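J.: Before I ask anything, let me first share the structure, which is written out below as structure tokens.
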Amino acid sequence: MLENELTYSIQQFIDKKDISVKNANKIEFLLESLNSEQELVENTILMLASYLPNGGKYMYDEDQVAYELKKILKIL
């Protein structure tokens with residue numbers, strides 16, 4: 001169930017149907033719930049914590065985050 005919800009939320013983000021901070025926070029929470037010690041997952045969690053639509057100073061934008069989330073989908 002957790003992975004289904006995570007996959008759906010990630011796909012919504014990648015497809016730019018929901019690039020909101022709220023969805024990014026949800027993905028971050030679900031990734032943390034996986035309790036994965038993989039470096040990719042940990043780095044993506046940190047990236048999501050620094051996400052803002054259209055980016056900004058010291059922030060990641062939706063394209064940068066989507067690129068990393070595609071990698072996460074491959075390991076789920």
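Residue numbers start at 1 in each chain; chains themselves are named A, B, ... in the order of the structure tokens; ligands are numbered from 1 in the order shown.
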Considering only C-alpha atoms, return as a short mmCIF file (atom, residue, chain, number, x, y, z; two decimals) with N, CA and C atoms, in the first residue's frame whatever protein or nucleic-acid residues lie within 12 Å of Ile45 in chain A, sequence-local ones (same chain, fewer than 6 positions apart) excluded.
T.:
data_model
loop_
_atom_site.label_atom_id
_atom_site.label_comp_id
_atom_site.auth_asym_id
_atom_site.auth_seq_id
_atom_site.Cartn_x
_atom_site.Cartn_y
_atom_site.Cartn_z
N ALA A 24 5.30 17.25 -2.64
CA ALA A 24 6.72 16.98 -2.38
C ALA A 24 6.92 16.55 -0.93
N ASN A 25 6.22 17.20 -0.01
CA ASN A 25 6.31 16.83 1.41
C ASN A 25 5.76 15.42 1.64
N LYS A 26 4.68 15.09 0.93
CA LYS A 26 4.09 13.76 1.05
C LYS A 26 5.08 12.70 0.55
N ILE A 27 5.70 12.95 -0.59
CA ILE A 27 6.70 12.02 -1.13
C ILE A 27 7.86 11.87 -0.16
N GLU A 28 8.31 12.99 0.38
CA GLU A 28 9.40 12.98 1.36
C GLU A 28 9.03 12.10 2.55
N PHE A 29 7.83 12.28 3.10
CA PHE A 29 7.36 11.50 4.23
C PHE A 29 7.29 10.01 3.89
N LEU A 30 6.75 9.69 2.72
CA LEU A 30 6.62 8.29 2.32
C LEU A 30 7.99 7.64 2.10
N LEU A 31 8.93 8.40 1.54
CA LEU A 31 10.28 7.86 1.37
C LEU A 31 10.93 7.59 2.72
N GLU A 32 10.72 8.50 3.66
CA GLU A 32 11.27 8.29 5.01
C GLU A 32 10.65 7.05 5.65
N SER A 33 9.39 6.79 5.36
CA SER A 33 8.70 5.63 5.92
C SER A 33 9.26 4.30 5.41
N LEU A 34 9.94 4.34 4.28
CA LEU A 34 10.54 3.13 3.74
C LEU A 34 11.72 2.65 4.59
N ASN A 35 12.27 3.54 5.39
CA ASN A 35 13.44 3.24 6.21
C ASN A 35 14.59 2.66 5.38
N SER A 36 14.77 3.22 4.21
CA SER A 36 15.83 2.77 3.33
C SER A 36 17.12 3.51 3.67
N GLU A 37 18.19 2.77 3.65
CA GLU A 37 19.50 3.38 3.93
C GLU A 37 20.25 3.66 2.63
N GLN A 38 19.55 3.51 1.49
CA GLN A 38 20.19 3.75 0.21
C GLN A 38 20.51 5.24 0.06
N GLU A 39 21.69 5.50 -0.46
CA GLU A 39 22.13 6.88 -0.63
C GLU A 39 21.20 7.66 -1.55
N TYR A 51 12.88 21.82 -1.87
CA TYR A 51 12.15 22.02 -3.12
C TYR A 51 11.21 23.21 -3.03
N TYR A 60 15.71 23.64 -5.01
CA TYR A 60 15.61 22.85 -6.23
C TYR A 60 14.28 23.15 -6.91
N VAL A 65 14.01 17.92 -9.29
CA VAL A 65 13.42 16.91 -8.41
C VAL A 65 12.85 15.76 -9.23
N GLU A 68 15.44 13.18 -10.27
CA GLU A 68 15.81 12.25 -9.19
C GLU A 68 14.69 11.27 -8.87
N LEU A 69 13.45 11.74 -8.93
CA LEU A 69 12.32 10.87 -8.63
C LEU A 69 12.19 9.75 -9.66
N ILE A 72 14.18 7.00 -8.42
CA ILE A 72 13.52 6.32 -7.30
C ILE A 72 12.50 5.31 -7.82
#
J.: Counting only C-alpha atoms, what is within 12 Å of Gly55 in chain A, bar same-chain residues fewer than 6 positions away, as an MDAnalysis selection string?
T.: chainID A and resid 19:21 47:48 61:65
J.: Measure the distance from CA of Asn23 in chain A to CA of Ser9 in chain A in Å and round it to one decimal.
T.: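 The value is 6.8 Å.
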J.: DSSP on the backbone, strand (DSSP E or B) only: what residues of chain A does that give? Format it as an MDAnalysis selection string.
T.: chainID A and resid 51 56 59:60
J.: Could you check which of A:Ala49, A:Leu73, A:Ala66, A:Leu2 is closest to Ile14 in chain A, using only C-alpha atoms?
T.: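 When distances to Ile14 in chain A are compared using only C-alpha atoms, the smallest one comes from A:Ala66.
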J.: Suppose you want the space between CA of Glu3 in chain A and CA of Met59 in chain A; what is it in Å?
T.: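 Computing the Euclidean distance for CA of Glu3 in chain A and CA of Met59 in chain A yields 26.5 Å.
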J.: Between CA of Lys74 in chain A and CA of Asp18 in chain A, what is the spacing in Å?
T.: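 One can read the CA of Asp18 in chain A to CA of Lys74 in chain A distance as 19.9 Å.
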J.: Smallest atom-to-atom distance to Leu76 in chain A: which of A:Leu52, A:Leu46, A:Leu6, A:Met1, using only C-alpha atoms?
T.: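 For Leu76 in chain A, the nearest of the given residues is A:Leu6.
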